[in-house]
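Enquirer: TSV, C-alpha atoms, saved as data08.tsv, coming up:
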```
chain	number	residue	atom	x	y	z
T	1066	MET	CA	0.00	0.00	0.00
T	1067	THR	CA	1.43	3.34	-0.98
T	1068	ASP	CA	-0.25	6.31	0.54
T	1069	ASP	CA	0.30	10.04	0.32
T	1070	LEU	CA	2.96	10.03	3.03
T	1071	GLU	CA	5.03	7.39	1.29
T	1072	ARG	CA	4.73	9.22	-2.00
T	1073	ARG	CA	6.03	12.35	-0.35
T	1074	LEU	CA	8.91	10.45	1.24
T	1075	ALA	CA	9.77	8.71	-1.99
T	1076	GLY	CA	9.78	11.98	-3.92
T	1077	GLU	CA	13.19	13.49	-4.44
T	1078	LEU	CA	14.65	14.70	-1.19
T	1079	ARG	CA	14.40	18.44	-1.46
T	1080	PRO	CA	17.40	19.74	-3.33
T	1081	ALA	CA	20.26	19.75	-0.91
T	1082	ALA	CA	23.56	21.41	-1.61
T	1083	ALA	CA	25.34	18.78	-3.68
T	1084	LEU	CA	28.30	17.19	-1.98
T	1085	ASP	CA	31.59	18.86	-2.85
T	1086	ALA	CA	33.61	15.65	-2.94
T	1087	ALA	CA	36.95	17.29	-3.77
T	1088	GLY	CA	36.42	19.82	-0.99
T	1089	LEU	CA	35.62	17.03	1.46
T	1090	ARG	CA	38.78	15.13	0.52
T	1091	SER	CA	41.00	18.14	1.05
T	1092	THR	CA	39.26	19.14	4.30
T	1093	ILE	CA	39.73	15.63	5.70
T	1094	ALA	CA	43.38	15.65	4.58
T	1095	ARG	CA	43.99	19.02	6.26
T	1096	ARG	CA	42.32	17.99	9.50
T	1097	ALA	CA	44.10	14.63	9.46
T	1098	ALA	CA	47.46	16.35	9.11
T	1099	ALA	CA	46.63	18.75	11.96
T	1100	GLU	CA	45.70	15.81	14.22
T	1101	GLY	CA	48.74	13.75	13.28
T	1102	LEU	CA	46.59	11.12	11.55
T	1103	LEU	CA	48.04	11.48	8.08
T	1104	ASP	CA	50.48	8.56	7.88
T	1105	VAL	CA	50.83	8.60	4.10
T	1106	ALA	CA	50.28	11.53	1.73
T	1107	TYR	CA	50.55	11.64	-2.02
T	1108	GLY	CA	50.51	14.08	-4.87
T	1109	THR	CA	51.33	14.09	-8.54
T	1110	TYR	CA	54.13	15.83	-10.37
T	1111	ASP	CA	54.18	16.64	-14.07
T	1112	SER	CA	57.64	15.71	-15.27
T	1113	PRO	CA	59.09	15.79	-18.78
T	1114	LEU	CA	58.75	11.99	-18.59
T	1115	GLY	CA	55.03	12.18	-17.90
T	1116	PRO	CA	53.13	12.43	-14.61
T	1117	LEU	CA	54.81	11.00	-11.52
T	1118	THR	CA	53.09	9.95	-8.32
T	1119	VAL	CA	54.94	11.06	-5.19
T	1120	ILE	CA	54.07	9.16	-2.01
T	1121	VAL	CA	55.55	10.31	1.31
T	1122	THR	CA	55.35	9.15	4.93
T	1123	ARG	CA	56.53	10.70	8.16
T	1124	LEU	CA	59.91	9.06	7.52
T	1125	GLY	CA	60.38	10.36	3.98
T	1126	LEU	CA	59.79	9.48	0.37
T	1127	VAL	CA	58.46	5.93	0.18
T	1128	ARG	CA	57.43	5.68	-3.47
T	1129	LEU	CA	57.95	7.64	-6.66
T	1130	SER	CA	56.40	6.17	-9.73
T	1131	TYR	CA	55.51	6.72	-13.30
T	1132	SER	CA	51.76	7.16	-12.86
T	1133	GLY	CA	51.02	4.94	-15.81
T	1134	GLU	CA	51.93	2.05	-13.52
T	1135	GLY	CA	48.55	2.52	-11.78
T	1136	ILE	CA	48.21	4.74	-8.73
T	1137	ALA	CA	45.55	2.57	-7.07
T	1138	ALA	CA	47.75	-0.52	-6.98
T	1139	GLN	CA	50.67	1.47	-5.56
T	1140	LEU	CA	48.54	3.03	-2.84
T	1141	GLU	CA	47.24	-0.46	-1.98
T	1142	GLU	CA	50.80	-1.69	-1.58
T	1143	VAL	CA	51.73	1.23	0.68
T	1144	ALA	CA	48.51	0.69	2.66
T	1145	GLU	CA	49.51	-2.89	3.28
T	1146	ARG	CA	53.18	-2.36	4.01
T	1147	VAL	CA	53.16	1.02	5.78
T	1148	SER	CA	49.73	2.31	6.85
T	1149	PRO	CA	46.22	2.49	5.37
T	1150	ARG	CA	45.80	6.09	6.56
T	1151	ILE	CA	46.45	7.44	3.09
T	1152	LEU	CA	45.07	10.68	1.68
T	1153	GLU	CA	45.88	12.92	-1.23
T	1154	ALA	CA	47.74	15.94	0.20
T	1155	PRO	CA	49.93	17.42	-2.54
T	1156	GLU	CA	51.46	20.09	-0.27
T	1157	ARG	CA	53.09	17.32	1.79
T	1158	THR	CA	55.06	16.31	-1.30
T	1159	ASP	CA	56.28	19.84	-2.09
T	1160	THR	CA	59.89	19.27	-1.03
T	1161	VAL	CA	60.24	16.31	-3.35
T	1162	ARG	CA	58.40	18.06	-6.18
T	1163	ARG	CA	60.55	21.17	-5.88
T	1164	GLN	CA	63.74	19.11	-6.05
T	1165	LEU	CA	62.40	17.23	-9.06
T	1166	ASP	CA	61.77	20.60	-10.72
T	1167	GLU	CA	65.35	21.61	-10.10
T	1168	TYR	CA	66.69	18.27	-11.29
T	1169	PHE	CA	64.76	18.35	-14.55
T	1170	ARG	CA	65.84	21.95	-15.14
T	1171	GLY	CA	69.44	20.78	-14.81
T	1172	GLU	CA	69.98	22.75	-11.60
T	1173	ARG	CA	70.24	19.84	-9.15
T	1174	ARG	CA	72.77	17.00	-9.18
T	1175	ALA	CA	71.77	15.24	-5.95
T	1176	PHE	CA	68.48	14.82	-4.13
T	1177	GLU	CA	68.31	15.85	-0.52
T	1178	VAL	CA	65.26	13.93	0.63
T	1179	ARG	CA	64.98	11.29	3.30
T	1180	ILE	CA	63.90	7.93	1.96
T	1181	ASP	CA	61.50	5.61	3.75
T	1182	TRP	CA	62.85	2.16	2.83
T	1183	ARG	CA	59.93	0.17	4.20
T	1184	LEU	CA	58.87	-1.11	0.77
T	1185	VAL	CA	62.29	-2.72	0.32
T	1186	ARG	CA	63.52	-5.91	1.93
T	1187	GLY	CA	66.90	-7.59	2.41
T	1188	PHE	CA	69.50	-7.65	-0.34
T	1189	ALA	CA	67.43	-5.32	-2.53
T	1190	GLY	CA	67.89	-2.66	0.13
T	1191	GLU	CA	71.68	-3.09	-0.01
T	1192	VAL	CA	71.63	-2.87	-3.80
T	1193	LEU	CA	69.50	0.29	-3.79
T	1194	ARG	CA	71.61	1.97	-1.12
T	1195	ALA	CA	74.70	1.22	-3.20
T	1196	THR	CA	72.90	2.62	-6.24
T	1197	ALA	CA	72.05	5.80	-4.34
T	1198	ARG	CA	75.80	6.44	-4.04
T	1199	ILE	CA	76.46	6.46	-7.81
T	1200	PRO	CA	77.30	10.11	-8.58
T	1201	PHE	CA	75.37	12.25	-11.03
T	1202	GLY	CA	76.83	12.12	-14.52
T	1203	THR	CA	78.43	8.70	-14.05
T	1204	VAL	CA	77.25	5.14	-14.64
T	1205	SER	CA	77.86	1.76	-13.05
T	1206	SER	CA	77.16	-1.86	-13.92
T	1207	TYR	CA	74.92	-4.52	-12.39
T	1208	ARG	CA	78.03	-6.44	-11.37
T	1209	GLU	CA	79.63	-3.42	-9.66
T	1210	VAL	CA	76.44	-2.60	-7.81
T	1211	ALA	CA	76.12	-6.22	-6.68
T	1212	ALA	CA	79.72	-6.07	-5.43
T	1213	GLU	CA	79.04	-2.80	-3.62
T	1214	ALA	CA	76.06	-4.48	-2.00
T	1215	GLY	CA	78.35	-7.24	-0.76
T	1216	SER	CA	77.68	-10.07	-3.25
T	1217	PRO	CA	79.71	-9.68	-6.46
T	1218	ASN	CA	78.10	-12.76	-8.03
T	1219	ALA	CA	74.54	-11.73	-7.34
T	1220	TYR	CA	74.28	-9.43	-10.33
T	1221	ARG	CA	70.99	-11.01	-11.46
T	1222	ALA	CA	69.47	-10.40	-8.04
T	1223	ALA	CA	70.86	-6.87	-8.28
T	1224	GLY	CA	69.05	-6.45	-11.60
T	1225	ASN	CA	65.80	-7.60	-10.01
T	1226	ALA	CA	66.27	-5.22	-7.11
T	1227	LEU	CA	66.82	-2.32	-9.47
T	1228	GLY	CA	63.78	-3.35	-11.52
T	1229	SER	CA	61.61	-3.05	-8.42
T	1230	ASN	CA	63.17	0.20	-7.19
T	1231	PRO	CA	60.29	2.00	-5.40
T	1232	VAL	CA	61.94	5.42	-5.78
T	1233	PRO	CA	63.35	5.69	-9.30
T	1234	ILE	CA	65.09	8.95	-10.34
T	1235	VAL	CA	65.84	9.79	-6.67
T	1236	VAL	CA	67.62	6.44	-6.23
T	1237	PRO	CA	69.21	6.55	-9.67
T	1238	CYS	CA	68.77	3.01	-10.95
T	1239	HIS	CA	68.96	4.51	-14.44
T	1240	ARG	CA	72.72	4.89	-13.87
T	1241	VAL	CA	73.20	1.12	-13.80
T	1242	LEU	CA	74.00	-0.40	-17.21
T	1243	HIS	CA	75.26	-3.66	-18.64
T	1244	ALA	CA	79.01	-4.09	-18.23
T	1245	GLY	CA	79.34	-4.31	-22.02
T	1246	GLY	CA	77.81	-0.85	-22.41
T	1247	GLY	CA	74.24	-1.92	-23.25
T	1248	LEU	CA	71.51	0.08	-21.56
T	1249	GLY	CA	70.02	-2.88	-19.69
T	1250	GLY	CA	66.44	-2.49	-18.53
T	1251	TYR	CA	64.32	0.18	-16.85
T	1252	THR	CA	61.01	0.17	-14.99
T	1253	GLY	CA	59.77	3.21	-16.85
T	1254	GLY	CA	60.95	1.99	-20.26
T	1255	LEU	CA	64.29	2.49	-22.01
T	1256	GLU	CA	63.26	5.81	-23.55
T	1257	ARG	CA	63.06	7.27	-20.08
T	1258	LYS	CA	66.38	5.75	-19.08
T	1259	ARG	CA	67.98	7.33	-22.13
T	1260	PHE	CA	66.33	10.67	-21.34
T	1261	LEU	CA	67.67	10.70	-17.78
T	1262	LEU	CA	71.20	9.72	-18.83
T	1263	ARG	CA	71.16	12.41	-21.51
T	1264	LEU	CA	69.95	14.96	-18.95
T	1265	GLU	CA	72.90	14.02	-16.75
T	1266	GLY	CA	75.34	14.13	-19.63
T	1267	ALA	CA	76.15	10.43	-19.22
T	1268	LEU	CA	74.72	9.07	-22.44
T	1269	GLY	CA	78.10	9.07	-24.23
T	1270	GLN	CA	79.28	6.41	-21.84
T	1271	ALA	CA	76.07	4.48	-22.37
T	1272	GLY	CA	76.49	4.26	-26.12
O	84	MET	CA	44.21	-9.22	5.55
O	85	HIS	CA	44.92	-5.59	4.93
O	86	LEU	CA	42.86	-2.42	4.74
O	87	PRO	CA	42.44	-0.38	1.54
O	88	PRO	CA	43.83	3.17	1.43
O	89	PHE	CA	41.49	5.34	3.51
O	90	GLU	CA	40.90	7.67	0.62
O	91	THR	CA	39.10	4.92	-1.30
O	92	LEU	CA	36.48	4.88	1.47
O	93	ILE	CA	35.76	8.56	0.90
O	94	ASP	CA	35.56	8.07	-2.86
O	95	ALA	CA	33.29	5.05	-2.60
O	96	HIS	CA	30.89	6.14	0.14
O	97	ALA	CA	30.85	9.92	0.66
O	98	THR	CA	28.07	10.70	-1.81
O	99	GLU	CA	25.64	8.14	-0.43
O	100	LEU	CA	26.52	8.86	3.20
O	101	HIS	CA	25.88	12.53	2.47
O	102	ARG	CA	22.39	11.79	1.15
O	103	PHE	CA	21.74	9.60	4.15
O	104	LEU	CA	22.81	12.38	6.51
O	105	VAL	CA	20.79	15.04	4.65
O	106	GLY	CA	17.77	12.81	5.23
O	107	CYS	CA	18.64	12.35	8.91
O	108	VAL	CA	19.67	15.86	9.93
O	109	GLY	CA	19.11	18.26	7.00
O	110	PRO	CA	21.65	19.76	4.63
O	111	THR	CA	23.39	22.19	7.00
O	112	GLU	CA	24.20	19.67	9.71
O	113	ALA	CA	24.83	16.92	7.16
O	114	GLU	CA	28.07	18.44	5.97
O	115	ASP	CA	29.50	18.62	9.51
O	116	CYS	CA	28.29	15.13	10.31
O	117	LEU	CA	29.92	13.76	7.18
O	118	GLN	CA	33.27	15.33	8.07
O	119	GLU	CA	33.04	14.07	11.64
O	120	THR	CA	32.10	10.61	10.39
O	121	PHE	CA	35.24	10.36	8.27
O	122	MET	CA	37.44	11.87	10.97
O	123	SER	CA	36.22	9.34	13.55
O	124	ALA	CA	36.67	6.58	11.01
O	125	LEU	CA	40.21	7.72	10.23
O	126	ARG	CA	41.13	7.76	13.93
O	127	ALA	CA	39.95	4.20	14.42
O	128	TYR	CA	40.92	2.84	11.01
O	129	PRO	CA	44.25	1.08	11.67
O	130	ARG	CA	42.68	-0.81	14.56
O	131	LEU	CA	39.98	-2.39	12.39
O	132	ARG	CA	40.34	-6.14	12.20
O	133	HIS	CA	38.48	-6.84	8.98
O	134	ARG	CA	38.00	-5.20	5.61
O	135	HIS	CA	34.63	-6.66	4.80
O	136	ASN	CA	31.64	-4.42	5.27
O	137	LEU	CA	33.52	-1.17	5.72
O	138	ARG	CA	30.34	0.48	4.50
O	139	ALA	CA	28.27	-0.87	7.39
O	140	TRP	CA	30.98	0.35	9.74
O	141	LEU	CA	30.83	3.86	8.23
O	142	TYR	CA	27.04	3.89	8.54
O	143	THR	CA	27.29	2.96	12.20
O	144	ILE	CA	29.52	5.98	12.76
O	145	ALA	CA	27.33	8.25	10.61
O	146	ARG	CA	24.19	7.24	12.51
O	147	ARG	CA	25.90	8.10	15.79
O	148	LYS	CA	26.99	11.49	14.43
O	149	ALA	CA	23.45	12.17	13.18
O	150	THR	CA	21.96	11.32	16.56
O	151	ASP	CA	24.50	13.57	18.30
O	152	ALA	CA	23.69	16.40	15.89
O	153	VAL	CA	19.95	16.09	16.49
O	154	ARG	CA	20.56	16.31	20.25
O	155	ARG	CA	22.87	19.29	19.80
O	156	VAL	CA	20.33	21.15	17.68
O	157	ALA	CA	17.58	20.38	20.19
O	158	ARG	CA	19.68	21.91	22.97
O	159	ARG	CA	20.47	25.05	20.98
O	160	PRO	CA	18.58	28.00	22.50
O	161	THR	CA	16.09	29.75	20.27
O	162	ARG	CA	16.71	33.00	22.12
O	163	ASP	CA	19.67	34.28	24.05
O	164	LEU	CA	19.18	34.71	27.75
O	165	ASP	CA	18.70	38.43	27.44
O	166	GLY	CA	15.85	37.86	25.03
O	167	VAL	CA	17.74	39.08	21.98
O	168	GLU	CA	17.24	37.01	18.86
O	169	PRO	CA	20.34	34.90	18.18
O	170	VAL	CA	22.33	35.71	15.09
O	171	ALA	CA	21.00	33.76	12.13
O	172	PRO	CA	23.26	30.90	11.01
O	173	PRO	CA	25.24	31.72	7.86
O	174	HIS	CA	23.24	29.28	5.76
O	175	PRO	CA	19.69	29.32	7.05
O	176	GLU	CA	17.69	26.21	6.34
O	177	PRO	CA	15.50	26.82	3.33
O	178	ALA	CA	11.79	26.37	3.82
O	179	ASP	CA	11.50	22.71	4.57
O	180	ASP	CA	9.02	20.04	3.73
O	181	GLY	CA	7.37	19.18	7.02
O	182	VAL	CA	7.63	15.46	6.29
O	183	TRP	CA	11.42	15.57	6.61
O	184	LEU	CA	11.32	17.62	9.77
O	185	GLY	CA	9.11	14.86	11.12
O	186	VAL	CA	11.56	12.20	9.97
O	187	ARG	CA	14.41	13.91	11.80
O	188	ALA	CA	12.37	13.93	14.97
O	189	LEU	CA	11.80	10.14	14.89
O	190	PRO	CA	13.65	7.84	17.30
O	191	PRO	CA	17.07	7.15	15.71
O	192	LYS	CA	16.41	3.57	14.58
O	193	GLN	CA	13.13	4.49	12.90
O	194	ARG	CA	14.67	7.63	11.40
O	195	ASP	CA	17.63	5.72	9.97
O	196	ALA	CA	15.44	2.97	8.58
O	197	VAL	CA	13.04	5.45	6.94
O	198	VAL	CA	15.95	7.37	5.39
O	199	HIS	CA	17.52	4.16	4.09
O	200	ARG	CA	14.19	3.14	2.61
O	201	PHE	CA	13.07	6.40	1.02
O	202	VAL	CA	16.24	8.41	0.40
O	203	LEU	CA	18.59	5.60	-0.58
O	204	ASP	CA	15.75	3.46	-1.95
O	205	LEU	CA	17.03	0.25	-0.41
O	206	ALA	CA	15.23	-3.05	0.05
O	207	TYR	CA	14.59	-4.20	3.63
O	208	GLY	CA	17.24	-6.91	3.50
O	209	GLU	CA	19.87	-4.34	2.56
O	210	ILE	CA	18.65	-1.89	5.20
O	211	GLY	CA	18.99	-4.62	7.79
O	212	ALA	CA	22.50	-5.42	6.56
O	213	ARG	CA	23.56	-1.81	6.85
O	214	MET	CA	21.98	-1.26	10.24
O	215	GLY	CA	23.15	-4.56	11.63
O	216	THR	CA	19.63	-5.90	12.13
O	217	SER	CA	17.48	-8.54	10.49
O	218	GLU	CA	15.38	-7.82	7.44
O	219	GLU	CA	12.29	-8.16	9.61
O	220	ALA	CA	13.56	-5.64	12.15
O	221	ALA	CA	14.30	-3.22	9.33
O	222	ARG	CA	10.76	-3.61	8.02
O	223	GLN	CA	9.35	-3.03	11.51
O	224	ASN	CA	11.47	0.06	12.05
O	225	VAL	CA	10.29	1.54	8.77
O	226	SER	CA	6.64	0.81	9.43
O	227	ALA	CA	6.82	2.05	13.03
O	228	GLY	CA	8.40	5.25	11.69
O	229	LEU	CA	5.68	5.65	9.07
O	230	ARG	CA	2.93	5.09	11.66
O	231	ARG	CA	4.40	7.76	13.85
O	232	LEU	CA	4.78	10.17	10.95
O	233	ARG	CA	1.16	9.67	9.94
O	234	ARG	CA	0.09	10.58	13.45
O	235	GLU	CA	2.38	13.56	13.80
O	236	VAL	CA	2.84	15.11	10.40
O	237	THR	CA	-0.02	17.22	9.20
O	238	PRO	CA	-0.89	16.31	5.61
```
Would you mind giving the structure from this file in structure tokens?

Expert:
Amino acid sequence: MTDDLERRLAGELRPAAALDAAGLRSTIARRAAAEGLLDVAYGTYDSPLGPLTVIVTRLGLVRLSYSGEGIAAQLEEVAERVSPRILEAPERTDTVRRQLDEYFRGERRAFEVRIDWRLVRGFAGEVLRATARIPFGTVSSYREVAAEAGSPNAYRAAGNALGSNPVPIVVPCHRVLHAGGGLGGYTGGLERKRFLLRLEGALGQAG
Amino acid sequence: MHLPPFETLIDAHATELHRFLVGCVGPTEAEDCLQETFMSALRAYPRLRHRHNLRAWLYTIARRKATDAVRRVARRPTRDLDGVEPVAPPHPEPADDGVWLGVRALPPKQRDAVVHRFVLDLAYGEIGARMGTSEEAARQNVSAGLRRLRREVTP
């Protein structure tokens, strides 16, 4: 039985101010930061290599990725490994984004950002820390990086570690090449690797 | 088991929770209630032990916020002690349909069930699932709410 009352109730709820979803997201992010509840913040950065997603925690930069890799999956991984309190808060990534600006303009040779290594385990961490020490404008090989990490014969494992580098560009895995001079591989594709080496003036050595 | 990024909860549920809260407390209070719902959820989030039915969990919080808001509004004085009219709120409620004022005045369980039924257009089984009751209890809450509204709301 539908009576007059039910018809009135079922009629469109009188026009309410529509929800400003973007406004809500940024308000929650701002309040979360003020209350110390924002464990993970992210923003995007438009680089010459395409958009990058910058994900930071209280400890530092935890993930930098070519956005084409799928932001949702990356946030899921950080939620699982670090904390699910994740919100978009671009201003929290400003330090990293500013340094990326300077790097891509050719005005910065080294990044001064703390890195949160929690997405990296074991030997991969050693390999990536060794990679972080390769100076701007120079290149190294998988074998050398493996040796630096303490296992000269583990160059395949070193390659895998570099392939899953959670913070490319900042930890310069693009500076690691095949011993014979071949480019090797790159998470973001070889075009990007070439671009970065050219930017650093190291492409001559890469052939 | 792991929890999805909190932001996905906002993206997935904010619009519907907002409509639910507009039905429960009106548009002005709804915005505050929605913010408070997500802030409470964010505070408790890492302690959650399951990721199934996050929506029901959010509705539990939202219902509590709505009930608090109704109490708060009821306590708000209509006149200051010196008899001077209080300053009008920045966004005065537009002329309201009396039916919805009546809905907001229902006991919380009836109010929530009626809003689920008529604002979100849900079947009784789904209302029960969201309110943590049986389908039959949901049906009874809706019909008790309607009976009360018929008595109290002038046609």

Enquirer: Hey, could you make a per-residue contact list for chain T against chain O with 7 Å as the cut-off, showing the nearest pair of atoms and its distance in Å to one decimal, counting only C-alpha atoms, sorted by chain and number, as a Markdown table?

Expert:
```
| residue | atom | partner | partner_atom | distance |
| --- | --- | --- | --- | --- |
| T:Leu1074 | CA | O:Phe201 | CA | 5.8 |
| T:Ala1075 | CA | O:Phe201 | CA | 5.0 |
| T:Leu1078 | CA | O:Val202 | CA | 6.7 |
| T:Ala1081 | CA | O:Pro110 | CA | 5.7 |
| T:Ala1082 | CA | O:Pro110 | CA | 6.7 |
| T:Leu1084 | CA | O:Thr98 | CA | 6.5 |
| T:Ile1093 | CA | O:Met122 | CA | 6.9 |
| T:Leu1102 | CA | O:Arg126 | CA | 6.8 |
| T:Leu1140 | CA | O:Pro88 | CA | 6.4 |
| T:Glu1141 | CA | O:Pro87 | CA | 6.0 |
| T:Ala1144 | CA | O:Pro88 | CA | 5.4 |
| T:Glu1145 | CA | O:His85 | CA | 5.6 |
| T:Pro1149 | CA | O:Pro88 | CA | 4.7 |
| T:Arg1150 | CA | O:Phe89 | CA | 5.3 |
| T:Ile1151 | CA | O:Pro88 | CA | 5.3 |
| T:Leu1152 | CA | O:Glu90 | CA | 5.3 |
```

Enquirer: Find the residue from T:Ala1099, T:Val1147, T:Leu1124, T:Leu1089 that sits nearest to Leu1184 of chain T; use all atoms listed in the file when measuring.

Expert: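 Using all atoms listed in the file, Leu1184 of chain T sits closest to T:Val1147.
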
Enquirer: Tell me, as a VMD selection string, which residues lie within 8 Å of Ile1120 of chain T, counting all atoms listed in the file; anything in the same chain fewer than 3 positions away does not count.

Expert: chain T and resid 1105 to 1108 1126 to 1129 1158

Enquirer: Residues at most 8 Å from Asn224 of chain O, counting all atoms listed in the file, excluding those fewer than 2 positions away in the same chain, as a PyMOL selection string?

Expert: chain O and resi 192-193+196-197+220-222+226-228

Enquirer: How far is it from atom CA of Asp1104 of chain T to atom CA of Ser1229 of chain T, in Å with one decimal?

Expert: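 Atom CA of Ser1229 of chain T lies 22.9 Å from atom CA of Asp1104 of chain T.
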
Enquirer: Taking 6 positions as the minimum chain separation for residues in the same chain, which residues sit within 12 Å of Ala139 of chain O when counting only C-alpha atoms? Answer as a list in words.

Expert: Leu92, His96, Leu100, Ala124, His133, Ala145, Arg146, Glu209, Ile210, Gly211, Ala212, Arg213, Met214, Gly215 and Thr216 of chain O

Enquirer: Can you tell me which residues surround Leu1268 of chain T at a distance of at most 12 Å, considering only C-alpha atoms, apart from same-chain residues fewer than 2 positions away, and format the answer as a PyMOL selection string?

Expert: chain T and resi 1201-1204+1239-1242+1246-1248+1256+1258-1266+1270-1272

Enquirer: In Å, with one decimal, what is the gap from atom CA of Glu1156 of chain T to atom CA of Asp115 of chain O?

Expert: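 Answer for the atom CA of Glu1156 of chain T to atom CA of Asp115 of chain O separation: 24.1 Å.
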
Enquirer: Between atom CA of Ala1223 of chain T and atom CA of Gly1190 of chain T, measure the distance and give it in Å to one decimal.

Expert: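 Result for atom CA of Ala1223 of chain T versus atom CA of Gly1190 of chain T: 9.9 Å, one decimal.
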
Enquirer: Could you check which of T:Leu1070, T:Val1192, T:Ile1180, T:Val1232 is closest to Thr1122 of chain T, using all atoms listed in the file?

Expert: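 Among T:Leu1070, T:Val1192, T:Ile1180, T:Val1232, it is T:Ile1180 that comes nearest to Thr1122 of chain T.
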
Enquirer: For Thr1196 of chain T, work out the shell of residues within 7 Å, counting all atoms listed in the file and skipping chain neighbours fewer than 5 positions away, then give it as an NGL selection string.

Expert: :T and (1210 or 1236-1238)

Enquirer: Around all of segment 1217-1229 of chain T's listed atoms, make the axis-aligned box with 3 Å on each side and tell me centre and edge lengths in Å to one decimal, as AutoDock Vina command-line options.

Expert:
```
--center_x 70.7 --center_y -7.5 --center_z -9.0 --size_x 24.1 --size_y 16.4 --size_z 11.1
```

Enquirer: Determine the nearest neighbour of Tyr1110 of chain T from the options T:Arg1162, T:Thr1092, T:Arg1157, T:Asp1069, counting only C-alpha atoms.

Expert: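 Ranking T:Arg1162, T:Thr1092, T:Arg1157, T:Asp1069 by distance to Tyr1110 of chain T, first place goes to T:Arg1162.
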
Enquirer: I'd like to know which of T:Ala1211, T:Leu1255, T:Ala1197, T:Ala1219 is closest to Pro1233 of chain T, using only C-alpha atoms.

Expert: T:Ala1197

Enquirer: Could you check which of T:Asp1111, T:Asp1181, T:Asp1068, T:Glu1209 is closest to Ser1132 of chain T, using all atoms listed in the file?

Expert: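 Among T:Asp1111, T:Asp1181, T:Asp1068, T:Glu1209, it is T:Asp1111 that comes nearest to Ser1132 of chain T.
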